$ cat data.pdb   # PDB, C-alpha atoms
MODEL        1
ATOM      1  CA  MET A   4     -27.072 -19.119 -37.979
ATOM      2  CA  SER A   5     -23.752 -19.525 -39.782
ATOM      3  CA  ARG A   6     -21.130 -21.088 -37.549
ATOM      4  CA  HIS A   7     -18.590 -18.714 -39.091
ATOM      5  CA  VAL A   8     -20.124 -15.237 -38.768
ATOM      6  CA  ALA A   9     -21.947 -14.130 -35.619
ATOM      7  CA  ILE A  10     -24.082 -11.012 -35.210
ATOM      8  CA  VAL A  11     -23.843  -8.769 -32.145
ATOM      9  CA  THR A  12     -26.027  -5.724 -31.575
ATOM     10  CA  ASP A  13     -27.107  -3.725 -28.531
ATOM     11  CA  SER A  14     -30.202  -3.658 -26.374
ATOM     12  CA  THR A  15     -31.727  -0.685 -28.204
ATOM     13  CA  ALA A  16     -32.471  -2.901 -31.239
ATOM     14  CA  TYR A  17     -35.556  -4.180 -29.346
ATOM     15  CA  LEU A  18     -35.655  -7.436 -31.275
ATOM     16  CA  PRO A  19     -38.117 -10.018 -29.915
ATOM     17  CA  PRO A  20     -36.246 -12.560 -27.755
ATOM     18  CA  GLN A  21     -37.466 -15.473 -29.856
ATOM     19  CA  THR A  22     -36.157 -13.788 -33.002
ATOM     20  CA  MET A  23     -32.745 -13.251 -31.433
ATOM     21  CA  GLU A  24     -32.604 -16.858 -30.318
ATOM     22  CA  ARG A  25     -33.662 -18.173 -33.713
ATOM     23  CA  HIS A  26     -30.929 -16.196 -35.496
ATOM     24  CA  GLY A  27     -28.281 -16.455 -32.788
ATOM     25  CA  ILE A  28     -28.045 -12.682 -32.305
ATOM     26  CA  THR A  29     -26.352 -11.366 -29.158
ATOM     27  CA  ALA A  30     -27.459  -8.035 -27.631
ATOM     28  CA  VAL A  31     -25.108  -6.080 -25.356
ATOM     29  CA  PRO A  32     -27.114  -4.050 -22.806
ATOM     30  CA  LEU A  33     -26.937  -0.299 -22.351
ATOM     31  CA  THR A  34     -27.434   1.103 -18.860
ATOM     32  CA  VAL A  35     -30.133   3.290 -17.365
ATOM     33  CA  VAL A  36     -29.122   5.328 -14.316
ATOM     34  CA  LEU A  37     -32.159   5.883 -12.100
ATOM     35  CA  GLY A  38     -31.214   8.097  -9.193
ATOM     36  CA  ASP A  39     -28.086   6.401  -7.849
ATOM     37  CA  GLN A  40     -28.887   2.979  -9.361
ATOM     38  CA  ALA A  41     -27.251   1.755 -12.574
ATOM     39  CA  LEU A  42     -29.556  -0.793 -14.187
ATOM     40  CA  GLU A  43     -29.094  -2.900 -17.320
ATOM     41  CA  GLU A  44     -31.714  -2.368 -19.983
ATOM     42  CA  GLY A  45     -33.845  -5.418 -20.619
ATOM     43  CA  THR A  46     -32.955  -7.331 -17.456
ATOM     44  CA  GLU A  47     -32.866  -4.925 -14.518
ATOM     45  CA  ILE A  48     -35.318  -2.196 -15.542
ATOM     46  CA  SER A  49     -38.496  -2.434 -17.582
ATOM     47  CA  ALA A  50     -40.048   0.190 -19.821
ATOM     48  CA  ARG A  51     -43.004   0.455 -17.454
ATOM     49  CA  SER A  52     -40.759   1.111 -14.453
ATOM     50  CA  LEU A  53     -38.940   3.732 -16.461
ATOM     51  CA  ALA A  54     -42.189   5.420 -17.530
ATOM     52  CA  ALA A  55     -43.356   5.549 -13.913
ATOM     53  CA  ALA A  56     -40.059   7.124 -12.836
ATOM     54  CA  LEU A  57     -40.287   9.748 -15.565
ATOM     55  CA  GLN A  58     -43.857  10.603 -14.603
ATOM     56  CA  LYS A  59     -42.623  11.194 -11.054
ATOM     57  CA  ARG A  60     -39.869  13.414 -12.511
ATOM     58  CA  ARG A  61     -37.096  11.264 -11.069
ATOM     59  CA  SER A  62     -33.588  11.785 -12.412
ATOM     60  CA  VAL A  63     -32.941   9.395 -15.314
ATOM     61  CA  THR A  64     -29.835   9.212 -17.514
ATOM     62  CA  THR A  65     -28.370   6.557 -19.785
ATOM     63  CA  SER A  66     -24.866   5.279 -20.463
ATOM     64  CA  ARG A  67     -23.097   3.087 -22.989
ATOM     65  CA  PRO A  68     -21.748  -0.389 -22.298
ATOM     66  CA  SER A  69     -18.076  -0.370 -21.341
ATOM     67  CA  PRO A  70     -15.475  -1.751 -23.758
ATOM     68  CA  GLU A  71     -14.955  -4.559 -21.219
ATOM     69  CA  VAL A  72     -18.592  -5.631 -21.569
ATOM     70  CA  PHE A  73     -18.198  -5.768 -25.350
ATOM     71  CA  ALA A  74     -14.914  -7.663 -25.007
ATOM     72  CA  ALA A  75     -16.649 -10.292 -22.876
ATOM     73  CA  ALA A  76     -19.452 -10.614 -25.432
ATOM     74  CA  TYR A  77     -16.986 -11.037 -28.298
ATOM     75  CA  ARG A  78     -15.037 -13.687 -26.373
ATOM     76  CA  ALA A  79     -18.228 -15.613 -25.611
ATOM     77  CA  VAL A  80     -19.301 -15.563 -29.246
ATOM     78  CA  ALA A  81     -15.864 -16.681 -30.421
ATOM     79  CA  GLU A  82     -15.848 -19.489 -27.858
ATOM     80  CA  GLY A  83     -19.192 -20.551 -29.310
ATOM     81  CA  GLY A  84     -17.503 -21.240 -32.644
ATOM     82  CA  ALA A  85     -17.665 -17.968 -34.564
ATOM     83  CA  THR A  86     -14.628 -17.068 -36.659
ATOM     84  CA  GLY A  87     -15.872 -13.527 -37.362
ATOM     85  CA  ILE A  88     -18.312 -11.038 -35.826
ATOM     86  CA  VAL A  89     -20.420  -8.211 -37.245
ATOM     87  CA  SER A  90     -21.268  -5.772 -34.450
ATOM     88  CA  LEU A  91     -24.159  -3.436 -35.340
ATOM     89  CA  HIS A  92     -25.132  -0.504 -33.140
ATOM     90  CA  LEU A  93     -27.349   2.496 -32.643
ATOM     91  CA  SER A  94     -26.367   5.827 -34.126
ATOM     92  CA  ALA A  95     -23.101   7.207 -32.785
ATOM     93  CA  GLU A  96     -24.900  10.570 -32.654
ATOM     94  CA  PHE A  97     -26.966   9.205 -29.733
ATOM     95  CA  SER A  98     -24.457   7.194 -27.749
ATOM     96  CA  GLY A  99     -20.829   6.200 -27.269
ATOM     97  CA  THR A 100     -21.821   2.556 -27.779
ATOM     98  CA  TYR A 101     -20.190   2.383 -31.214
ATOM     99  CA  ASP A 102     -16.926   3.780 -29.831
ATOM    100  CA  ALA A 103     -16.915   1.235 -26.982
ATOM    101  CA  ALA A 104     -17.482  -1.584 -29.463
ATOM    102  CA  GLU A 105     -14.627  -0.300 -31.648
ATOM    103  CA  LEU A 106     -12.235  -0.294 -28.697
ATOM    104  CA  ALA A 107     -13.164  -3.848 -27.745
ATOM    105  CA  ALA A 108     -12.908  -5.065 -31.325
ATOM    106  CA  LYS A 109      -9.178  -4.248 -31.463
ATOM    107  CA  ASP A 110      -8.330  -7.032 -29.008
ATOM    108  CA  ALA A 111     -11.074  -9.520 -29.886
ATOM    109  CA  PRO A 112      -9.988 -13.132 -30.509
ATOM    110  CA  VAL A 113     -11.616 -13.112 -33.977
ATOM    111  CA  PRO A 114     -12.075 -10.342 -36.584
ATOM    112  CA  VAL A 115     -14.872  -7.914 -35.656
ATOM    113  CA  ARG A 116     -16.498  -5.444 -38.044
ATOM    114  CA  VAL A 117     -18.224  -2.659 -36.084
ATOM    115  CA  VAL A 118     -20.955  -0.727 -37.907
ATOM    116  CA  ASP A 119     -22.637   2.537 -36.940
ATOM    117  CA  THR A 120     -26.026   1.915 -38.542
ATOM    118  CA  GLY A 121     -27.291   5.439 -37.877
ATOM    119  CA  MET A 122     -30.443   3.737 -36.618
ATOM    120  CA  VAL A 123     -32.142   2.854 -33.348
ATOM    121  CA  ALA A 124     -34.987   0.597 -32.123
ATOM    122  CA  MET A 125     -36.291  -1.805 -34.777
ATOM    123  CA  ALA A 126     -34.637   0.318 -37.461
ATOM    124  CA  LEU A 127     -31.461  -1.149 -35.934
ATOM    125  CA  GLY A 128     -33.161  -4.500 -35.344
ATOM    126  CA  PHE A 129     -34.011  -4.905 -39.033
ATOM    127  CA  CYS A 130     -30.340  -4.245 -39.893
ATOM    128  CA  ALA A 131     -29.253  -6.977 -37.476
ATOM    129  CA  LEU A 132     -31.763  -9.376 -39.028
ATOM    130  CA  ALA A 133     -30.492  -8.608 -42.527
ATOM    131  CA  ALA A 134     -26.919  -9.327 -41.448
ATOM    132  CA  ALA A 135     -27.964 -12.562 -39.720
ATOM    133  CA  GLU A 136     -29.847 -13.761 -42.791
ATOM    134  CA  ALA A 137     -26.828 -13.015 -45.008
ATOM    135  CA  ALA A 138     -24.616 -15.027 -42.634
ATOM    136  CA  GLU A 139     -27.119 -17.885 -42.554
ATOM    137  CA  ALA A 140     -26.996 -17.977 -46.358
ATOM    138  CA  GLY A 141     -23.239 -18.602 -46.138
ATOM    139  CA  GLY A 142     -22.004 -15.038 -46.476
ATOM    140  CA  GLY A 143     -18.836 -13.837 -44.815
ATOM    141  CA  LEU A 144     -18.130 -10.627 -42.927
ATOM    142  CA  ASP A 145     -18.309  -8.425 -46.027
ATOM    143  CA  GLU A 146     -21.633  -9.874 -47.145
ATOM    144  CA  ALA A 147     -23.194  -9.507 -43.694
ATOM    145  CA  VAL A 148     -22.013  -5.889 -43.374
ATOM    146  CA  THR A 149     -23.249  -5.067 -46.867
ATOM    147  CA  ALA A 150     -26.674  -6.556 -46.116
ATOM    148  CA  ALA A 151     -26.976  -4.497 -42.938
ATOM    149  CA  GLU A 152     -25.860  -1.283 -44.624
ATOM    150  CA  LYS A 153     -28.245  -1.821 -47.524
ATOM    151  CA  ARG A 154     -31.145  -2.333 -45.102
ATOM    152  CA  ALA A 155     -30.166   0.777 -43.166
ATOM    153  CA  ALA A 156     -30.015   2.879 -46.329
ATOM    154  CA  GLY A 157     -33.630   2.050 -47.190
ATOM    155  CA  THR A 158     -35.070   2.218 -43.670
ATOM    156  CA  ALA A 159     -36.898   5.207 -42.206
ATOM    157  CA  ALA A 160     -38.203   5.909 -38.708
ATOM    158  CA  PHE A 161     -40.892   8.424 -37.762
ATOM    159  CA  PHE A 162     -42.328   9.149 -34.346
ATOM    160  CA  TYR A 163     -44.623  11.292 -32.275
ATOM    161  CA  VAL A 164     -43.886  12.438 -28.725
ATOM    162  CA  ASP A 165     -46.150  14.229 -26.269
ATOM    163  CA  THR A 166     -43.393  16.699 -25.404
ATOM    164  CA  LEU A 167     -39.893  17.539 -26.576
ATOM    165  CA  ASP A 168     -38.703  18.101 -22.995
ATOM    166  CA  TYR A 169     -37.175  14.639 -22.573
ATOM    167  CA  LEU A 170     -35.258  14.870 -25.859
ATOM    168  CA  ARG A 171     -34.041  18.333 -24.898
ATOM    169  CA  ARG A 172     -32.869  17.221 -21.437
ATOM    170  CA  GLY A 173     -30.909  14.356 -22.951
ATOM    171  CA  GLY A 174     -29.342  16.574 -25.615
ATOM    172  CA  ARG A 175     -30.961  14.596 -28.444
ATOM    173  CA  ILE A 176     -32.687  17.616 -29.962
ATOM    174  CA  GLY A 177     -31.694  21.267 -30.008
ATOM    175  CA  ALA A 178     -32.972  23.553 -27.270
ATOM    176  CA  ALA A 179     -34.256  26.010 -29.876
ATOM    177  CA  GLN A 180     -36.418  23.351 -31.517
ATOM    178  CA  ALA A 181     -37.738  22.180 -28.152
ATOM    179  CA  LEU A 182     -38.572  25.712 -27.019
ATOM    180  CA  LEU A 183     -40.298  26.476 -30.305
ATOM    181  CA  GLY A 184     -42.496  23.409 -29.908
ATOM    182  CA  SER A 185     -43.402  24.353 -26.347
ATOM    183  CA  ALA A 186     -44.090  27.982 -27.198
ATOM    184  CA  LEU A 187     -46.443  27.089 -30.020
ATOM    185  CA  ALA A 188     -48.104  24.271 -28.036
ATOM    186  CA  VAL A 189     -47.704  21.972 -31.040
ATOM    187  CA  LYS A 190     -47.384  18.221 -31.176
ATOM    188  CA  PRO A 191     -44.139  17.314 -32.920
ATOM    189  CA  LEU A 192     -43.573  14.644 -35.539
ATOM    190  CA  LEU A 193     -39.917  13.651 -35.698
ATOM    191  CA  GLN A 194     -37.743  11.516 -37.930
ATOM    192  CA  LEU A 195     -34.329   9.888 -37.978
ATOM    193  CA  ASP A 196     -32.193  11.734 -40.490
ATOM    194  CA  GLY A 197     -28.471  11.187 -40.865
ATOM    195  CA  GLY A 198     -28.348   9.425 -37.519
ATOM    196  CA  ARG A 199     -29.942  12.413 -35.776
ATOM    197  CA  ILE A 200     -33.439  13.225 -34.559
ATOM    198  CA  GLU A 201     -34.900  16.029 -36.631
ATOM    199  CA  MET A 202     -38.217  17.852 -36.627
ATOM    200  CA  LEU A 203     -40.399  16.663 -39.503
ATOM    201  CA  GLU A 204     -43.683  18.486 -38.965
ATOM    202  CA  LYS A 205     -45.535  20.391 -36.251
ATOM    203  CA  VAL A 206     -49.210  19.473 -35.809
ATOM    204  CA  ARG A 207     -51.738  21.206 -33.569
ATOM    205  CA  THR A 208     -53.286  18.243 -31.761
ATOM    206  CA  ALA A 209     -52.260  14.738 -30.720
ATOM    207  CA  SER A 210     -55.007  13.078 -32.768
ATOM    208  CA  LYS A 211     -54.011  14.982 -35.909
ATOM    209  CA  ALA A 212     -50.346  14.193 -35.304
ATOM    210  CA  ILE A 213     -51.019  10.453 -35.057
ATOM    211  CA  ALA A 214     -53.228  10.535 -38.156
ATOM    212  CA  ARG A 215     -50.450  12.328 -40.000
ATOM    213  CA  LEU A 216     -47.923   9.773 -38.747
ATOM    214  CA  GLU A 217     -50.058   7.041 -40.302
ATOM    215  CA  GLU A 218     -50.170   8.894 -43.632
ATOM    216  CA  ILE A 219     -46.401   9.428 -43.689
ATOM    217  CA  VAL A 220     -45.659   5.774 -42.907
ATOM    218  CA  ALA A 221     -48.125   4.459 -45.508
ATOM    219  CA  ALA A 222     -46.685   6.760 -48.162
ATOM    220  CA  ARG A 223     -43.110   5.737 -47.350
ATOM    221  CA  ALA A 224     -44.049   2.039 -47.414
ATOM    222  CA  GLY A 225     -45.397   2.277 -50.961
ATOM    223  CA  THR A 226     -46.590  -0.908 -52.664
ATOM    224  CA  GLY A 227     -43.479  -3.114 -52.542
ATOM    225  CA  ALA A 228     -42.576  -5.697 -49.906
ATOM    226  CA  VAL A 229     -41.911  -3.950 -46.610
ATOM    227  CA  ASP A 230     -41.496  -4.697 -42.913
ATOM    228  CA  ILE A 231     -42.995  -2.361 -40.325
ATOM    229  CA  ALA A 232     -42.390  -1.962 -36.599
ATOM    230  CA  VAL A 233     -44.712   0.081 -34.405
ATOM    231  CA  HIS A 234     -43.164   1.249 -31.135
ATOM    232  CA  HIS A 235     -44.631   2.939 -28.091
ATOM    233  CA  LEU A 236     -43.940   3.826 -24.479
ATOM    234  CA  ALA A 237     -46.892   3.459 -22.103
ATOM    235  CA  ALA A 238     -49.302   3.749 -25.059
ATOM    236  CA  PRO A 239     -50.245   0.151 -25.978
ATOM    237  CA  ASP A 240     -53.755   0.919 -27.174
ATOM    238  CA  GLY A 241     -52.579   3.661 -29.497
ATOM    239  CA  ALA A 242     -49.876   1.383 -30.888
ATOM    240  CA  GLU A 243     -52.367  -1.404 -31.622
ATOM    241  CA  ARG A 244     -54.757   1.011 -33.337
ATOM    242  CA  LEU A 245     -51.956   2.394 -35.490
ATOM    243  CA  ALA A 246     -50.795  -1.134 -36.370
ATOM    244  CA  GLU A 247     -54.290  -2.184 -37.425
ATOM    245  CA  ARG A 248     -54.690   0.852 -39.665
ATOM    246  CA  LEU A 249     -51.296   0.235 -41.262
ATOM    247  CA  ARG A 250     -52.191  -3.409 -41.895
ATOM    248  CA  ALA A 251     -55.220  -2.219 -43.834
ATOM    249  CA  ARG A 252     -53.368   0.461 -45.785
ATOM    250  CA  ILE A 253     -50.065  -1.156 -46.837
ATOM    251  CA  PRO A 254     -50.508  -3.723 -49.627
ATOM    252  CA  GLY A 255     -46.935  -5.049 -49.559
ATOM    253  CA  LEU A 256     -46.760  -5.552 -45.802
ATOM    254  CA  ALA A 257     -44.637  -8.599 -44.947
ATOM    255  CA  ASP A 258     -43.937  -8.541 -41.192
ATOM    256  CA  LEU A 259     -45.398  -6.140 -38.662
ATOM    257  CA  HIS A 260     -43.971  -5.937 -35.144
ATOM    258  CA  VAL A 261     -45.641  -4.069 -32.283
ATOM    259  CA  SER A 262     -43.532  -3.502 -29.186
ATOM    260  CA  GLU A 263     -42.827  -1.157 -26.328
ATOM    261  CA  VAL A 264     -39.442   0.530 -26.500
ATOM    262  CA  GLY A 265     -36.996  -0.215 -23.746
ATOM    263  CA  ALA A 266     -35.836   2.026 -20.957
ATOM    264  CA  VAL A 267     -32.926   3.645 -22.821
ATOM    265  CA  ILE A 268     -34.992   5.086 -25.671
ATOM    266  CA  GLY A 269     -37.907   5.713 -23.319
ATOM    267  CA  ALA A 270     -35.706   7.874 -21.109
ATOM    268  CA  HIS A 271     -35.191  10.276 -24.007
ATOM    269  CA  THR A 272     -38.713  10.307 -25.458
ATOM    270  CA  GLY A 273     -40.978  10.079 -22.413
ATOM    271  CA  PRO A 274     -44.341   8.335 -21.992
ATOM    272  CA  GLY A 275     -46.768   8.663 -24.872
ATOM    273  CA  LEU A 276     -44.185   7.918 -27.583
ATOM    274  CA  LEU A 277     -45.714   6.414 -30.730
ATOM    275  CA  GLY A 278     -43.475   5.596 -33.648
ATOM    276  CA  ALA A 279     -43.074   3.477 -36.737
ATOM    277  CA  VAL A 280     -40.105   2.026 -38.593
ATOM    278  CA  VAL A 281     -40.436   1.367 -42.338
ATOM    279  CA  ALA A 282     -37.939  -1.131 -43.753
ATOM    280  CA  PRO A 283     -38.374  -2.110 -47.430
ATOM    281  CA  ARG A 284     -37.111  -5.565 -48.288
TER
ENDMDL
END

$ encode --input "data.pdb" --output "structure tokens"
Amino acid sequence: MSRHVAIVTDSTAYLPPQTMERHGITAVPLTVVLGDQALEEGTEISARSLAAALQKRRSVTTSRPSPEVFAAAYRAVAEGGATGIVSLHLSAEFSGTYDAAELAAKDAPVPVRVVDTGMVAMALGFCALAAAEAAEAGGGLDEAVTAAEKRAAGTAAFFYVDTLDYLRRGGRIGAAQALLGSALAVKPLLQLDGGRIEMLEKVRTASKAIARLEEIVAARAGTGAVDIAVHHLAAPDGAERLAERLRARIPGLADLHVSEVGAVIGAHTGPGLLGAVVAPR
């Protein structure tokens, strides 16, 4: 990690801890509110605990980090020797995290460039990695931001959910779309588009939806060098099967990550989520 430019992201990037440590990336946690308890993602609530709460229909909401939390993170990074920070976050369409980071950046002890990547999960994680690698190669703030934005521009995320109810409750998808899916008893395939969650296709059964997800991801990956992340919530077997099929189908596959999403994203998708991020190099 460059001693001049540090990378900060948030807990929804879902980067493996060893990867964050290797590249010196700092993640600021979002909060999950379970009943009357406010719990930090990644340390105080697990994805499995969240899935169990959702299955029991307990009240679950999420909230952004406060500007004070970001300010503390920026101070700590600066005290560690950084003379500049690139702060990369999930889509501002989903959360006020970007706005909180912007507020904190104004009074940070070193220059901070805050970027709304328009991404989430490992789509955001791959952007953070690109910025870290640019910094490690000796790049400054501009080079790290450019690397992250270039990665974001080429990255796509597709996912399957058992029901649109959780996305509807959290305001992440329109009520009309959610009601249409329920009325037709279809299984939705969704995508990230312009920082928003949009309906991609409606498929009649779960098995057909997952098969179609595989086809879409393989087609988007093409034949060039590409990184893939497979995400799930309470569906580890399905995630491993999808990962194995993608390994066999994608000739230019470089890295493939399989991981459970954290509590913040899980709160809005519900158990049974299966998704894939495609990030060309």

$ resolve_selection --input "data.pdb" --expression "the PyMOL selection byres ((chain A and resi 77) around 12)" --output "MDAnalysis selection string"
chainID A and resid 8:12 28:31 70:76 78:90 104:117

$ residues_around --input "data.pdb" --residues "A:Leu93" --least-positions-apart "3" --cutoff "10 Å" --atoms "all atoms listed in the file" --output "PyMOL selection string"
chain A and resi 12-16+96-101+118-124+126-128+198

$ closest_residue --input "data.pdb" --among "A:Pro68, A:Gly27, A:Gly141, A:Pro20" --to "A:Ala41" --atoms "all atoms listed in the file"
A:Pro68

$ residues_around --input "data.pdb" --residues "A:Leu236" --least-positions-apart "4" --cutoff "12 Å" --atoms "all atoms listed in the file" --output "MDAnalysis selection string"
chainID A and resid 49:55 57:58 162:165 240:242 261:278

$ closest_residue --input "data.pdb" --among "A:Ala95, A:Ile219, A:Leu256, A:Val229" --to "A:Leu192" --atoms "all atoms listed in the file"
A:Ile219

$ build_atoms --input "data.pdb" --residues "stretch 251-269 of chain A" --atoms "N, CA, C and O atoms" --output "compact mmCIF listing (two decimals), in the coordinates of the input"
# COMPACT_ATOMS: atom_id res chain seq x y z
N ALA A 251 -54.17 -2.40 -42.82
CA ALA A 251 -55.22 -2.22 -43.83
C ALA A 251 -54.75 -1.36 -45.00
O ALA A 251 -55.30 -1.48 -46.12
N ARG A 252 -53.75 -0.52 -44.77
CA ARG A 252 -53.37 0.46 -45.78
C ARG A 252 -52.17 0.06 -46.63
O ARG A 252 -51.97 0.62 -47.72
N ILE A 253 -51.33 -0.87 -46.15
CA ILE A 253 -50.06 -1.16 -46.84
C ILE A 253 -50.16 -2.50 -47.56
O ILE A 253 -50.14 -3.56 -46.94
N PRO A 254 -50.27 -2.48 -48.89
CA PRO A 254 -50.51 -3.72 -49.63
C PRO A 254 -49.33 -4.69 -49.61
O PRO A 254 -49.51 -5.90 -49.70
N GLY A 255 -48.11 -4.17 -49.51
CA GLY A 255 -46.94 -5.05 -49.56
C GLY A 255 -46.40 -5.43 -48.20
O GLY A 255 -45.26 -5.90 -48.09
N LEU A 256 -47.23 -5.28 -47.16
CA LEU A 256 -46.76 -5.55 -45.80
C LEU A 256 -46.36 -7.02 -45.64
O LEU A 256 -47.14 -7.92 -45.92
N ALA A 257 -45.13 -7.24 -45.19
CA ALA A 257 -44.64 -8.60 -44.95
C ALA A 257 -44.76 -8.91 -43.47
O ALA A 257 -45.65 -9.64 -43.04
N ASP A 258 -43.87 -8.35 -42.65
CA ASP A 258 -43.94 -8.54 -41.19
C ASP A 258 -44.28 -7.22 -40.52
O ASP A 258 -43.82 -6.15 -40.93
N LEU A 259 -45.08 -7.31 -39.47
CA LEU A 259 -45.40 -6.14 -38.66
C LEU A 259 -45.17 -6.48 -37.20
O LEU A 259 -45.75 -7.43 -36.69
N HIS A 260 -44.29 -5.73 -36.55
CA HIS A 260 -43.97 -5.94 -35.14
C HIS A 260 -44.55 -4.79 -34.33
O HIS A 260 -44.44 -3.63 -34.73
N VAL A 261 -45.16 -5.10 -33.20
CA VAL A 261 -45.64 -4.07 -32.28
C VAL A 261 -44.95 -4.31 -30.94
O VAL A 261 -45.04 -5.40 -30.39
N SER A 262 -44.25 -3.30 -30.45
CA SER A 262 -43.53 -3.50 -29.19
C SER A 262 -43.32 -2.18 -28.46
O SER A 262 -43.28 -1.11 -29.07
N GLU A 263 -43.18 -2.31 -27.15
CA GLU A 263 -42.83 -1.16 -26.33
C GLU A 263 -41.31 -0.96 -26.39
O GLU A 263 -40.57 -1.94 -26.34
N VAL A 264 -40.88 0.28 -26.52
CA VAL A 264 -39.44 0.53 -26.50
C VAL A 264 -38.90 0.24 -25.10
O VAL A 264 -39.64 0.20 -24.13
N GLY A 265 -37.61 0.03 -25.03
CA GLY A 265 -37.00 -0.22 -23.75
C GLY A 265 -36.70 1.07 -23.00
O GLY A 265 -37.02 2.18 -23.44
N ALA A 266 -36.04 0.90 -21.86
CA ALA A 266 -35.84 2.03 -20.96
C ALA A 266 -34.88 3.08 -21.52
O ALA A 266 -35.03 4.26 -21.22
N VAL A 267 -33.90 2.67 -22.32
CA VAL A 267 -32.93 3.64 -22.82
C VAL A 267 -33.59 4.65 -23.76
O VAL A 267 -33.45 5.87 -23.60
N ILE A 268 -34.31 4.17 -24.75
CA ILE A 268 -34.99 5.09 -25.67
C ILE A 268 -36.12 5.81 -24.94
O ILE A 268 -36.33 7.01 -25.13
N GLY A 269 -36.83 5.10 -24.08
CA GLY A 269 -37.91 5.71 -23.32
C GLY A 269 -37.45 6.88 -22.47
O GLY A 269 -38.17 7.86 -22.29
